[in-house]
$ cat target-v8.cif   # mmCIF, C-alpha atoms
data_final
loop_
_atom_site.group_PDB
_atom_site.id
_atom_site.type_symbol
_atom_site.label_atom_id
_atom_site.label_comp_id
_atom_site.auth_asym_id
_atom_site.auth_seq_id
_atom_site.Cartn_x
_atom_site.Cartn_y
_atom_site.Cartn_z
ATOM 1 C CA MET A 1 -31.337 -14.132 -23.105
ATOM 2 C CA SER A 2 -34.716 -14.459 -21.365
ATOM 3 C CA SER A 3 -35.274 -13.398 -17.752
ATOM 4 C CA VAL A 4 -36.034 -17.035 -16.868
ATOM 5 C CA GLN A 5 -32.662 -18.194 -18.225
ATOM 6 C CA ASN A 6 -30.952 -15.306 -16.455
ATOM 7 C CA GLN A 7 -32.492 -16.375 -13.146
ATOM 8 C CA ASN A 8 -31.311 -19.955 -13.769
ATOM 9 C CA VAL A 9 -27.740 -18.727 -14.236
ATOM 10 C CA LYS A 10 -27.984 -16.619 -11.069
ATOM 11 C CA ALA A 11 -29.301 -19.622 -9.171
ATOM 12 C CA SER A 12 -26.487 -21.864 -10.449
ATOM 13 C CA LEU A 13 -23.923 -19.302 -9.324
ATOM 14 C CA ASN A 14 -25.786 -18.712 -6.047
ATOM 15 C CA GLU A 15 -25.983 -14.994 -6.787
ATOM 16 C CA ARG A 16 -28.240 -13.026 -4.447
ATOM 17 C CA GLU A 17 -29.722 -9.551 -4.522
ATOM 18 C CA GLY A 18 -29.094 -6.529 -2.296
ATOM 19 C CA PHE A 19 -25.712 -6.116 -0.657
ATOM 20 C CA GLN A 20 -24.475 -9.291 -2.354
ATOM 21 C CA VAL A 21 -24.545 -7.498 -5.714
ATOM 22 C CA TRP A 22 -21.888 -5.006 -4.584
ATOM 23 C CA TRP A 23 -19.932 -7.647 -2.677
ATOM 24 C CA ARG A 24 -19.668 -9.764 -5.848
ATOM 25 C CA LEU A 25 -18.501 -6.711 -7.766
ATOM 26 C CA LEU A 26 -15.430 -6.596 -5.500
ATOM 27 C CA ARG A 27 -14.679 -10.254 -6.391
ATOM 28 C CA PRO A 28 -13.728 -11.006 -2.778
ATOM 29 C CA HIS A 29 -11.859 -14.212 -3.629
ATOM 30 C CA THR A 30 -9.258 -12.045 -5.422
ATOM 31 C CA LEU A 31 -8.780 -9.613 -2.529
ATOM 32 C CA THR A 32 -6.573 -12.099 -0.704
ATOM 33 C CA ALA A 33 -4.046 -11.389 -3.449
ATOM 34 C CA ALA A 34 -3.950 -7.859 -2.025
ATOM 35 C CA PHE A 35 -3.763 -8.878 1.652
ATOM 36 C CA VAL A 36 -1.075 -11.558 1.358
ATOM 37 C CA PRO A 37 1.824 -9.484 -0.073
ATOM 38 C CA VAL A 38 1.250 -6.600 2.367
ATOM 39 C CA PHE A 39 1.181 -9.043 5.277
ATOM 40 C CA VAL A 40 4.299 -10.888 4.112
ATOM 41 C CA GLY A 41 6.266 -7.708 3.374
ATOM 42 C CA THR A 42 5.368 -6.210 6.742
ATOM 43 C CA MET A 43 6.261 -9.401 8.624
ATOM 44 C CA LEU A 44 9.624 -9.503 6.838
ATOM 45 C CA ALA A 45 10.225 -6.039 8.269
ATOM 46 C CA ALA A 46 9.002 -7.139 11.707
ATOM 47 C CA VAL A 47 11.670 -9.853 11.848
ATOM 48 C CA GLU A 48 14.318 -7.120 11.718
ATOM 49 C CA ASP A 49 12.684 -4.356 13.751
ATOM 50 C CA SER A 50 9.427 -3.085 15.228
ATOM 51 C CA ILE A 51 6.801 -1.937 12.734
ATOM 52 C CA ASN A 52 4.458 1.018 12.372
ATOM 53 C CA PHE A 53 0.926 -0.419 12.626
ATOM 54 C CA TRP A 54 -0.738 2.584 10.971
ATOM 55 C CA LEU A 55 1.544 2.347 7.945
ATOM 56 C CA PHE A 56 0.689 -1.342 7.701
ATOM 57 C CA ALA A 57 -3.054 -0.587 7.898
ATOM 58 C CA ALA A 58 -2.828 2.187 5.290
ATOM 59 C CA MET A 59 -0.817 0.016 2.917
ATOM 60 C CA LEU A 60 -3.216 -2.893 3.355
ATOM 61 C CA LEU A 61 -6.319 -0.787 2.687
ATOM 62 C CA ALA A 62 -4.727 0.943 -0.324
ATOM 63 C CA SER A 63 -3.717 -2.408 -1.798
ATOM 64 C CA ILE A 64 -7.215 -3.846 -1.343
ATOM 65 C CA LEU A 65 -8.796 -0.744 -2.901
ATOM 66 C CA ILE A 66 -6.515 -0.936 -5.941
ATOM 67 C CA GLN A 67 -7.276 -4.638 -6.401
ATOM 68 C CA ALA A 68 -11.028 -4.006 -6.070
ATOM 69 C CA ALA A 69 -10.830 -1.095 -8.518
ATOM 70 C CA THR A 70 -8.942 -3.281 -10.991
ATOM 71 C CA ASN A 71 -11.743 -5.852 -10.730
ATOM 72 C CA MET A 72 -14.287 -3.128 -11.446
ATOM 73 C CA PHE A 73 -12.372 -1.884 -14.467
ATOM 74 C CA ASN A 74 -12.352 -5.500 -15.657
ATOM 75 C CA GLU A 75 -16.134 -5.714 -15.212
ATOM 76 C CA TYR A 76 -16.679 -2.414 -17.001
ATOM 77 C CA TYR A 77 -14.364 -2.829 -19.979
ATOM 78 C CA ASP A 78 -15.248 -6.474 -20.632
ATOM 79 C CA PHE A 79 -18.893 -5.390 -20.842
ATOM 80 C CA VAL A 80 -18.096 -2.414 -23.071
ATOM 81 C CA ARG A 81 -16.134 -4.680 -25.427
ATOM 82 C CA GLY A 82 -19.001 -7.180 -25.496
ATOM 83 C CA LEU A 83 -17.017 -9.980 -23.859
ATOM 84 C CA ASP A 84 -19.370 -10.563 -20.914
ATOM 85 C CA ASN A 85 -22.943 -11.811 -21.160
ATOM 86 C CA GLU A 86 -25.572 -13.326 -18.864
ATOM 87 C CA ASN A 87 -23.836 -16.735 -19.085
ATOM 88 C CA SER A 88 -20.417 -15.451 -18.016
ATOM 89 C CA VAL A 89 -19.018 -16.931 -14.803
ATOM 90 C CA GLY A 90 -16.167 -15.659 -12.689
ATOM 91 C CA ILE A 91 -17.385 -12.060 -12.941
ATOM 92 C CA GLY A 92 -19.436 -9.985 -10.551
ATOM 93 C CA GLY A 93 -22.295 -10.081 -13.047
ATOM 94 C CA THR A 94 -23.526 -6.759 -11.736
ATOM 95 C CA ILE A 95 -23.993 -5.298 -15.205
ATOM 96 C CA VAL A 96 -25.158 -8.265 -17.277
ATOM 97 C CA ARG A 97 -27.299 -9.970 -14.633
ATOM 98 C CA ASP A 98 -28.150 -7.334 -12.027
ATOM 99 C CA GLY A 99 -28.624 -4.291 -14.244
ATOM 100 C CA VAL A 100 -26.156 -1.953 -12.512
ATOM 101 C CA ARG A 101 -25.243 0.938 -14.819
ATOM 102 C CA PRO A 102 -21.732 0.592 -16.299
ATOM 103 C CA ARG A 103 -21.019 4.266 -15.536
ATOM 104 C CA THR A 104 -21.761 3.633 -11.855
ATOM 105 C CA ILE A 105 -19.109 0.913 -11.746
ATOM 106 C CA LEU A 106 -16.572 3.108 -13.550
ATOM 107 C CA ILE A 107 -17.144 5.982 -11.096
ATOM 108 C CA LEU A 108 -16.847 3.597 -8.145
ATOM 109 C CA ALA A 109 -13.558 2.211 -9.490
ATOM 110 C CA LEU A 110 -12.133 5.715 -9.938
ATOM 111 C CA SER A 111 -13.307 6.604 -6.413
ATOM 112 C CA PHE A 112 -11.434 3.616 -5.010
ATOM 113 C CA PHE A 113 -8.328 4.744 -6.879
ATOM 114 C CA PHE A 114 -8.721 8.241 -5.416
ATOM 115 C CA ILE A 115 -8.996 6.938 -1.838
ATOM 116 C CA ALA A 116 -5.973 4.702 -2.427
ATOM 117 C CA GLY A 117 -4.135 7.803 -3.666
ATOM 118 C CA VAL A 118 -4.964 9.717 -0.476
ATOM 119 C CA LEU A 119 -3.673 6.808 1.595
ATOM 120 C CA GLY A 120 -0.599 6.819 -0.610
ATOM 121 C CA VAL A 121 0.097 10.442 0.309
ATOM 122 C CA TYR A 122 0.042 9.522 3.990
ATOM 123 C CA ILE A 123 2.381 6.573 3.331
ATOM 124 C CA CYS A 124 4.785 8.807 1.404
ATOM 125 C CA LEU A 125 4.804 11.479 4.119
ATOM 126 C CA ALA A 126 5.748 8.792 6.624
ATOM 127 C CA SER A 127 8.354 7.096 4.419
ATOM 128 C CA SER A 128 9.515 8.353 1.002
ATOM 129 C CA TRP A 129 8.004 10.043 -2.052
ATOM 130 C CA TRP A 130 9.616 7.354 -4.204
ATOM 131 C CA VAL A 131 6.733 5.176 -3.046
ATOM 132 C CA ALA A 132 4.383 7.561 -4.897
ATOM 133 C CA VAL A 133 6.154 6.899 -8.189
ATOM 134 C CA ILE A 134 5.862 3.147 -7.800
ATOM 135 C CA GLY A 135 2.288 3.463 -6.546
ATOM 136 C CA LEU A 136 1.218 5.539 -9.549
ATOM 137 C CA VAL A 137 2.819 3.037 -11.929
ATOM 138 C CA SER A 138 0.994 0.203 -10.143
ATOM 139 C CA MET A 139 -2.317 2.053 -10.416
ATOM 140 C CA LEU A 140 -1.662 2.722 -14.102
ATOM 141 C CA PHE A 141 -1.091 -0.981 -14.745
ATOM 142 C CA GLY A 142 -4.202 -1.747 -12.712
ATOM 143 C CA TYR A 143 -6.135 0.331 -15.223
ATOM 144 C CA LEU A 144 -4.264 -0.945 -18.294
ATOM 145 C CA TYR A 145 -4.860 -4.527 -17.198
ATOM 146 C CA THR A 146 -8.278 -4.395 -18.873
ATOM 147 C CA GLY A 147 -8.477 -0.747 -19.972
ATOM 148 C CA GLY A 148 -6.758 1.096 -22.789
ATOM 149 C CA PRO A 149 -6.388 0.055 -26.439
ATOM 150 C CA TYR A 150 -4.297 -3.082 -25.714
ATOM 151 C CA PRO A 151 -5.469 -4.656 -22.428
ATOM 152 C CA ILE A 152 -2.785 -6.736 -20.723
ATOM 153 C CA ALA A 153 -5.391 -9.278 -19.617
ATOM 154 C CA TYR A 154 -5.995 -10.225 -23.245
ATOM 155 C CA THR A 155 -2.331 -11.130 -23.828
ATOM 156 C CA PRO A 156 0.043 -13.877 -22.591
ATOM 157 C CA PHE A 157 1.553 -11.352 -20.151
ATOM 158 C CA GLY A 158 -1.356 -11.141 -17.708
ATOM 159 C CA GLU A 159 0.031 -13.678 -15.239
ATOM 160 C CA ILE A 160 3.511 -12.180 -15.029
ATOM 161 C CA THR A 161 2.076 -8.654 -14.708
ATOM 162 C CA ALA A 162 -0.262 -9.692 -11.898
ATOM 163 C CA GLY A 163 2.504 -11.603 -10.106
ATOM 164 C CA LEU A 164 4.970 -8.732 -10.425
ATOM 165 C CA PHE A 165 2.696 -5.919 -9.269
ATOM 166 C CA MET A 166 0.439 -7.782 -6.822
ATOM 167 C CA GLY A 167 3.250 -9.938 -5.495
ATOM 168 C CA THR A 168 6.824 -8.697 -5.655
ATOM 169 C CA ILE A 169 6.230 -4.946 -5.838
ATOM 170 C CA ILE A 170 3.670 -4.815 -3.032
ATOM 171 C CA ILE A 171 5.881 -6.959 -0.788
ATOM 172 C CA ALA A 172 8.821 -4.682 -1.560
ATOM 173 C CA ILE A 173 6.844 -1.503 -0.832
ATOM 174 C CA SER A 174 5.357 -2.955 2.361
ATOM 175 C CA TYR A 175 8.851 -3.796 3.583
ATOM 176 C CA PHE A 176 10.395 -0.521 2.424
ATOM 177 C CA ILE A 177 7.914 1.807 4.144
ATOM 178 C CA GLN A 178 8.723 0.086 7.432
ATOM 179 C CA GLN A 179 12.517 -0.136 7.050
ATOM 180 C CA LEU A 180 13.247 2.693 4.566
ATOM 181 C CA THR A 181 15.589 0.308 2.776
ATOM 182 C CA LEU A 182 15.328 -2.730 0.536
ATOM 183 C CA SER A 183 17.468 -5.826 0.067
ATOM 184 C CA TRP A 184 17.621 -8.673 -2.420
ATOM 185 C CA HIS A 185 16.465 -11.240 0.116
ATOM 186 C CA VAL A 186 13.055 -9.508 0.202
ATOM 187 C CA ILE A 187 12.787 -9.697 -3.586
ATOM 188 C CA LEU A 188 13.764 -13.372 -3.605
ATOM 189 C CA ILE A 189 11.298 -14.304 -0.869
ATOM 190 C CA SER A 190 8.550 -12.518 -2.825
ATOM 191 C CA ILE A 191 8.904 -14.843 -5.822
ATOM 192 C CA PRO A 192 6.768 -17.754 -4.519
ATOM 193 C CA VAL A 193 4.035 -15.307 -3.508
ATOM 194 C CA ALA A 194 4.184 -13.709 -6.960
ATOM 195 C CA ILE A 195 3.890 -17.160 -8.522
ATOM 196 C CA PHE A 196 0.755 -17.965 -6.535
ATOM 197 C CA VAL A 197 -0.780 -14.590 -7.448
ATOM 198 C CA GLY A 198 -0.092 -15.314 -11.117
ATOM 199 C CA ALA A 199 -1.558 -18.797 -10.635
ATOM 200 C CA ILE A 200 -4.882 -17.238 -9.606
ATOM 201 C CA LEU A 201 -5.058 -15.470 -12.954
ATOM 202 C CA LEU A 202 -3.907 -18.585 -14.814
ATOM 203 C CA SER A 203 -6.682 -20.635 -13.223
ATOM 204 C CA ASN A 204 -9.179 -17.931 -14.161
ATOM 205 C CA ASN A 205 -7.979 -18.072 -17.760
ATOM 206 C CA ILE A 206 -8.103 -21.876 -17.825
ATOM 207 C CA ARG A 207 -11.752 -21.689 -16.813
ATOM 208 C CA ASP A 208 -12.533 -19.000 -19.421
ATOM 209 C CA ARG A 209 -10.274 -20.363 -22.163
ATOM 210 C CA VAL A 210 -12.952 -21.259 -24.721
ATOM 211 C CA GLY A 211 -14.912 -18.018 -24.404
ATOM 212 C CA ASP A 212 -11.748 -15.921 -24.356
ATOM 213 C CA LYS A 213 -10.504 -17.554 -27.534
ATOM 214 C CA GLU A 214 -13.793 -16.824 -29.297
ATOM 215 C CA ASN A 215 -13.436 -13.178 -28.309
ATOM 216 C CA GLY A 216 -9.915 -12.837 -29.672
ATOM 217 C CA ARG A 217 -7.873 -13.065 -26.499
ATOM 218 C CA ARG A 218 -4.399 -14.630 -26.513
ATOM 219 C CA THR A 219 -3.874 -15.716 -22.910
ATOM 220 C CA LEU A 220 -1.393 -18.383 -21.826
ATOM 221 C CA ALA A 221 -4.298 -20.780 -21.271
ATOM 222 C CA ILE A 222 -5.278 -20.382 -24.921
ATOM 223 C CA LEU A 223 -1.702 -20.811 -26.153
ATOM 224 C CA PHE A 224 -1.071 -23.900 -23.984
ATOM 225 C CA GLY A 225 -4.489 -25.513 -24.349
ATOM 226 C CA HIS A 226 -6.420 -27.075 -21.461
ATOM 227 C CA LYS A 227 -4.055 -29.944 -20.624
ATOM 228 C CA GLY A 228 -0.957 -27.857 -21.253
ATOM 229 C CA SER A 229 -2.266 -25.133 -18.939
ATOM 230 C CA ILE A 230 -2.853 -27.650 -16.148
ATOM 231 C CA ARG A 231 0.708 -28.914 -16.574
ATOM 232 C CA PHE A 232 1.999 -25.339 -16.476
ATOM 233 C CA LEU A 233 -0.012 -24.639 -13.321
ATOM 234 C CA THR A 234 1.507 -27.760 -11.762
ATOM 235 C CA ILE A 235 5.012 -26.594 -12.698
ATOM 236 C CA LEU A 236 4.394 -23.197 -11.125
ATOM 237 C CA VAL A 237 3.213 -24.794 -7.881
ATOM 238 C CA VAL A 238 6.251 -27.094 -7.756
ATOM 239 C CA ILE A 239 8.613 -24.160 -8.381
ATOM 240 C CA ALA A 240 6.980 -22.076 -5.629
ATOM 241 C CA TYR A 241 7.303 -24.794 -2.994
ATOM 242 C CA THR A 242 10.797 -25.777 -4.136
ATOM 243 C CA LEU A 243 11.968 -22.174 -3.810
ATOM 244 C CA THR A 244 10.397 -21.969 -0.368
ATOM 245 C CA LEU A 245 12.289 -25.059 0.775
ATOM 246 C CA ALA A 246 15.522 -23.703 -0.714
ATOM 247 C CA PHE A 247 15.065 -20.393 1.116
ATOM 248 C CA ILE A 248 14.540 -22.251 4.395
ATOM 249 C CA LEU A 249 17.606 -24.440 3.915
ATOM 250 C CA THR A 250 19.782 -21.444 3.023
ATOM 251 C CA GLY A 251 18.543 -19.357 5.941
ATOM 252 C CA LEU A 252 16.622 -16.739 3.963
ATOM 253 C CA LEU A 253 13.470 -17.983 5.691
ATOM 254 C CA PRO A 254 13.219 -19.365 9.246
ATOM 255 C CA PHE A 255 12.488 -23.026 9.943
ATOM 256 C CA TRP A 256 9.043 -21.891 11.043
ATOM 257 C CA SER A 257 8.310 -21.368 7.334
ATOM 258 C CA LEU A 258 7.985 -25.113 6.921
ATOM 259 C CA ILE A 259 4.358 -24.583 7.976
ATOM 260 C CA THR A 260 3.709 -23.117 4.516
ATOM 261 C CA PHE A 261 3.716 -26.686 3.204
ATOM 262 C CA LEU A 262 0.408 -27.226 4.984
ATOM 263 C CA SER A 263 -1.122 -25.370 2.029
ATOM 264 C CA ILE A 264 -0.060 -28.037 -0.472
ATOM 265 C CA HIS A 265 -3.353 -29.895 -0.181
ATOM 266 C CA LYS A 266 -5.180 -26.828 -1.524
ATOM 267 C CA ALA A 267 -2.812 -26.627 -4.472
ATOM 268 C CA ARG A 268 -3.401 -30.299 -5.188
ATOM 269 C CA GLN A 269 -7.185 -29.775 -5.048
ATOM 270 C CA ALA A 270 -6.839 -26.898 -7.514
ATOM 271 C CA ILE A 271 -4.858 -28.953 -10.023
ATOM 272 C CA GLN A 272 -7.086 -31.998 -9.716
ATOM 273 C CA GLY A 273 -10.166 -29.792 -9.988
ATOM 274 C CA PHE A 274 -9.300 -28.790 -13.548
ATOM 275 C CA LYS A 275 -8.645 -32.293 -14.838
ATOM 276 C CA GLY A 276 -11.441 -33.779 -16.924
ATOM 277 C CA LYS A 277 -13.517 -30.589 -16.708
ATOM 278 C CA SER A 278 -14.682 -28.543 -19.677
ATOM 279 C CA ALA A 279 -17.556 -26.302 -18.561
ATOM 280 C CA PRO A 280 -16.684 -23.057 -16.733
ATOM 281 C CA LEU A 281 -19.096 -23.846 -13.902
ATOM 282 C CA GLU A 282 -17.392 -27.213 -13.371
ATOM 283 C CA MET A 283 -14.052 -25.462 -12.964
ATOM 284 C CA MET A 284 -15.220 -22.841 -10.459
ATOM 285 C CA PRO A 285 -14.174 -24.967 -7.427
ATOM 286 C CA ALA A 286 -10.692 -25.420 -8.898
ATOM 287 C CA MET A 287 -10.277 -21.678 -9.269
ATOM 288 C CA LYS A 288 -11.412 -21.127 -5.683
ATOM 289 C CA PHE A 289 -8.866 -23.694 -4.496
ATOM 290 C CA THR A 290 -6.146 -21.803 -6.389
ATOM 291 C CA ALA A 291 -7.093 -18.572 -4.617
ATOM 292 C CA GLN A 292 -7.164 -20.444 -1.303
ATOM 293 C CA THR A 293 -3.676 -21.798 -1.981
ATOM 294 C CA ASN A 294 -2.405 -18.239 -2.294
ATOM 295 C CA THR A 295 -4.254 -17.219 0.862
ATOM 296 C CA PHE A 296 -3.088 -20.140 2.997
ATOM 297 C CA TYR A 297 0.487 -20.053 1.737
ATOM 298 C CA GLY A 298 0.797 -16.292 2.231
ATOM 299 C CA PHE A 299 -0.842 -16.284 5.642
ATOM 300 C CA LEU A 300 1.303 -19.184 6.840
ATOM 301 C CA LEU A 301 4.445 -17.529 5.462
ATOM 302 C CA GLY A 302 3.647 -14.289 7.262
ATOM 303 C CA LEU A 303 2.752 -16.213 10.421
ATOM 304 C CA SER A 304 6.052 -18.088 10.286
ATOM 305 C CA LEU A 305 7.900 -14.763 10.197
ATOM 306 C CA LEU A 306 5.853 -13.481 13.130
ATOM 307 C CA LEU A 307 6.641 -16.661 15.070
ATOM 308 C CA GLN A 308 10.324 -16.087 14.364
ATOM 309 C CA VAL A 309 10.030 -12.690 16.056
ATOM 310 C CA TYR A 310 8.653 -14.129 19.303
ATOM 311 C CA ILE A 311 9.993 -17.710 19.219
ATOM 312 C CA PRO A 312 13.226 -17.635 17.195
ATOM 313 C CA LEU A 313 14.413 -20.885 15.652
ATOM 314 C CA GLY A 314 18.016 -20.755 14.565
#
$ encode --input "target-v8.cif" --output "C-alpha cells"
Amino acid sequence: MSSVQNQNVKASLNEREGFQVWWRLLRPHTLTAAFVPVFVGTMLAAVEDSINFWLFAAMLLASILIQAATNMFNEYYDFVRGLDNENSVGIGGTIVRDGVRPRTILILALSFFFIAGVLGVYICLASSWWVAVIGLVSMLFGYLYTGGPYPIAYTPFGEITAGLFMGTIIIAISYFIQQLTLSWHVILISIPVAIFVGAILLSNNIRDRVGDKENGRRTLAILFGHKGSIRFLTILVVIAYTLTLAFILTGLLPFWSLITFLSIHKARQAIQGFKGKSAPLEMMPAMKFTAQTNTFYGFLLGLSLLLQVYIPLG
C-alpha cells in the first residue's frame, strides 16, 4: 500500500502522531470493560460493609493493565499472522500504519502483565492467595485470547470468554477481596455486565466479519451472518435489561438500580448503527455505542449501589 493511501486511511480514522500512537495501542474504548466490573464488584461489597480504598485502586489498575496487555497481544499476534494491514480498522494501527516494532509492543504487553502481577501480590497479601490462582488463570486467558496455537478470538467462544473473565470473574474477585467471602447473588448480578462485555466483542466481530472470514476465523458474527448477528446482539441487550429488572423486583438489586435503564438509548443506537451498513468504517460508530452502553450501564449500576449505601430505598 502506498504512503499516500496509508495517510488517507489515517485521516479517515483521525489517527494522529506522537502520544496518540501509544494511546491508540491501549484501545481506550475497551478499557471501560476493565473499570466497570471492578467498580460494580466493589460497590456490591460497599452495600454490605465499608471498603478498603487501596485494594479497590490496586484491583482497578491491575484489571486495566491486563485488558491493555490483552489488546497489545491482539495487535502483535494479528500482525504476525498477517491478519492486519494498513486498511484494518478497530486496531491501534501502531505496527501497520505507524511503524512501531512488533517486539516493542510484545515487551510492553509483558511489562503490563508483570506490573499487574506485582499488584496481584499486594491484593493477595491483603486478602487471600486464592486470588492469585484466579488471577494467573485470567492472565493466561488474556494471552491465549489471541496468542498460542488456537487463539480464542478466532473461534465462536470469544464473546463468552470475554464476558466470563472481564465480567463475572472480575466482579467476583473485586467483591471477594473486600468481603473475604462470595455469594451467589454477586454471581447473578454480574451476568448483565458480562453480557455487555461480550456484546463489545460481538460488535467488533460484526464490523470485522468479512475480513475475519477471509482470514479463516470462525467467530459468532461469521456463523450468524450480518443480520443474524444484529438480531443476536438485540437478544443479548434484551436479556441483560430483563435480568436487571428481575433482580430489582426480587430485591437482589435496590430500586436505585432502575437508573441503569437510562443507558438503553445507547444500546438502541448501537443496534441501529449496524443496520444497513457493510463497510467497517461505517460501523465504527455502532461499535463505540456498544462500548458506551457497557460503560453507562456499569457506571449507573455501581452508582445505584453507592446511592443505596447513603440513601437506602427499601
$ atom_distance --input "target-v8.cif" --atom1 "atom CA of A:Leu301" --atom2 "atom CA of A:Tyr241"
11.5 Å
$ resolve_selection --input "target-v8.cif" --expression "the PyMOL selection byres ((chain A and resi 151-155) around 9)" --output "PDB file with C-alpha atoms, keeping the file's coordinate frame"
ATOM      1  CA  ASN A  74     -12.352  -5.500 -15.657  1.00  0.00           C
ATOM      2  CA  PHE A 141      -1.091  -0.981 -14.745  1.00  0.00           C
ATOM      3  CA  TYR A 143      -6.135   0.331 -15.223  1.00  0.00           C
ATOM      4  CA  LEU A 144      -4.264  -0.945 -18.294  1.00  0.00           C
ATOM      5  CA  TYR A 145      -4.860  -4.527 -17.198  1.00  0.00           C
ATOM      6  CA  THR A 146      -8.278  -4.395 -18.873  1.00  0.00           C
ATOM      7  CA  GLY A 147      -8.477  -0.747 -19.972  1.00  0.00           C
ATOM      8  CA  GLY A 148      -6.758   1.096 -22.789  1.00  0.00           C
ATOM      9  CA  PRO A 149      -6.388   0.055 -26.439  1.00  0.00           C
ATOM     10  CA  TYR A 150      -4.297  -3.082 -25.714  1.00  0.00           C
ATOM     11  CA  PRO A 156       0.043 -13.877 -22.591  1.00  0.00           C
ATOM     12  CA  PHE A 157       1.553 -11.352 -20.151  1.00  0.00           C
ATOM     13  CA  GLY A 158      -1.356 -11.141 -17.708  1.00  0.00           C
ATOM     14  CA  GLU A 159       0.031 -13.678 -15.239  1.00  0.00           C
ATOM     15  CA  THR A 161       2.076  -8.654 -14.708  1.00  0.00           C
ATOM     16  CA  ASP A 212     -11.748 -15.921 -24.356  1.00  0.00           C
ATOM     17  CA  GLY A 216      -9.915 -12.837 -29.672  1.00  0.00           C
ATOM     18  CA  ARG A 217      -7.873 -13.065 -26.499  1.00  0.00           C
ATOM     19  CA  ARG A 218      -4.399 -14.630 -26.513  1.00  0.00           C
ATOM     20  CA  THR A 219      -3.874 -15.716 -22.910  1.00  0.00           C
ATOM     21  CA  LEU A 220      -1.393 -18.383 -21.826  1.00  0.00           C
TER      22      LEU A 220
END
$ resolve_selection --input "target-v8.cif" --expression "the PyMOL selection byres ((chain A and resi 23-35) around 7)" --output "JSON list (two decimals) with C-alpha atoms, keeping the file's coordinate frame"
[["chain", "number", "residue", "atom", "x", "y", "z"],
["A", 19, "PHE", "CA", -25.71, -6.12, -0.66],
["A", 20, "GLN", "CA", -24.48, -9.29, -2.35],
["A", 21, "VAL", "CA", -24.54, -7.50, -5.71],
["A", 22, "TRP", "CA", -21.89, -5.01, -4.58],
["A", 36, "VAL", "CA", -1.08, -11.56, 1.36],
["A", 37, "PRO", "CA", 1.82, -9.48, -0.07],
["A", 38, "VAL", "CA", 1.25, -6.60, 2.37],
["A", 39, "PHE", "CA", 1.18, -9.04, 5.28],
["A", 60, "LEU", "CA", -3.22, -2.89, 3.36],
["A", 63, "SER", "CA", -3.72, -2.41, -1.80],
["A", 64, "ILE", "CA", -7.22, -3.85, -1.34],
["A", 67, "GLN", "CA", -7.28, -4.64, -6.40],
["A", 68, "ALA", "CA", -11.03, -4.01, -6.07],
["A", 71, "ASN", "CA", -11.74, -5.85, -10.73],
["A", 72, "MET", "CA", -14.29, -3.13, -11.45],
["A", 92, "GLY", "CA", -19.44, -9.98, -10.55],
["A", 94, "THR", "CA", -23.53, -6.76, -11.74],
["A", 166, "MET", "CA", 0.44, -7.78, -6.82],
["A", 197, "VAL", "CA", -0.78, -14.59, -7.45],
["A", 291, "ALA", "CA", -7.09, -18.57, -4.62],
["A", 295, "THR", "CA", -4.25, -17.22, 0.86]]
$ resolve_selection --input "target-v8.cif" --expression "the PyMOL selection byres ((chain A and resi 282) around 12)" --output "PDB file with C-alpha atoms, in the coordinates of the input"
ATOM      1  CA  SER A  12     -26.487 -21.864 -10.449  1.00  0.00           C
ATOM      2  CA  LEU A  13     -23.923 -19.302  -9.324  1.00  0.00           C
ATOM      3  CA  VAL A  89     -19.018 -16.931 -14.803  1.00  0.00           C
ATOM      4  CA  GLY A  90     -16.167 -15.659 -12.689  1.00  0.00           C
ATOM      5  CA  ILE A 206      -8.103 -21.876 -17.825  1.00  0.00           C
ATOM      6  CA  ARG A 207     -11.752 -21.689 -16.813  1.00  0.00           C
ATOM      7  CA  ASP A 208     -12.533 -19.000 -19.421  1.00  0.00           C
ATOM      8  CA  GLN A 272      -7.086 -31.998  -9.716  1.00  0.00           C
ATOM      9  CA  GLY A 273     -10.166 -29.792  -9.988  1.00  0.00           C
ATOM     10  CA  PHE A 274      -9.300 -28.790 -13.548  1.00  0.00           C
ATOM     11  CA  LYS A 275      -8.645 -32.293 -14.838  1.00  0.00           C
ATOM     12  CA  GLY A 276     -11.441 -33.779 -16.924  1.00  0.00           C
ATOM     13  CA  LYS A 277     -13.517 -30.589 -16.708  1.00  0.00           C
ATOM     14  CA  SER A 278     -14.682 -28.543 -19.677  1.00  0.00           C
ATOM     15  CA  ALA A 279     -17.556 -26.302 -18.561  1.00  0.00           C
ATOM     16  CA  PRO A 280     -16.684 -23.057 -16.733  1.00  0.00           C
ATOM     17  CA  LEU A 281     -19.096 -23.846 -13.902  1.00  0.00           C
ATOM     18  CA  MET A 283     -14.052 -25.462 -12.964  1.00  0.00           C
ATOM     19  CA  MET A 284     -15.220 -22.841 -10.459  1.00  0.00           C
ATOM     20  CA  PRO A 285     -14.174 -24.967  -7.427  1.00  0.00           C
ATOM     21  CA  ALA A 286     -10.692 -25.420  -8.898  1.00  0.00           C
ATOM     22  CA  MET A 287     -10.277 -21.678  -9.269  1.00  0.00           C
ATOM     23  CA  LYS A 288     -11.412 -21.127  -5.683  1.00  0.00           C
TER      24      LYS A 288
END
$ closest_residue --input "target-v8.cif" --among "A:Arg231, A:Arg101, A:Arg209, A:Arg81" --to "A:Ala270" --atoms "all atoms listed in the file"
A:Arg231
$ closest_residue --input "target-v8.cif" --among "A:Ala62, A:Val40, A:Leu307, A:Leu108" --to "A:Thr168" --atoms "only C-alpha atoms"
A:Val40
$ closest_residue --input "target-v8.cif" --among "A:Val210, A:Ile189, A:Val131, A:Gly120" --to "A:Leu305" --atoms "only C-alpha atoms"
A:Ile189
$ atom_distance --input "target-v8.cif" --atom1 "atom CA of A:Glu214" --atom2 "atom CA of A:Tyr77"
16.8 Å
$ closest_residue --input "target-v8.cif" --among "A:Ala69, A:Leu223, A:Ala58, A:Ile200" --to "A:Ile123" --atoms "all atoms listed in the file"
A:Ala58
$ residues_around --input "target-v8.cif" --residues "A:Arg268" --least-positions-apart "5" --cutoff "10 Å" --atoms "all atoms listed in the file" --output "list of chain:residue names"
A:Thr234, A:Val237, A:Ser263, A:Gly273, A:Ala286, A:Phe289, A:Thr290, A:Thr293
$ closest_residue --input "target-v8.cif" --among "A:Phe196, A:Phe296, A:Phe224, A:Phe73" --to "A:Ser111" --atoms "all atoms listed in the file"
A:Phe73
$ residues_around --input "target-v8.cif" --residues "A:Leu55" --least-positions-apart "5" --cutoff "9 Å" --atoms "only C-alpha atoms" --output "list in words"
Leu60, Tyr122, Ile123, Ala126, Ser174, Ile177 and Gln178 of chain A
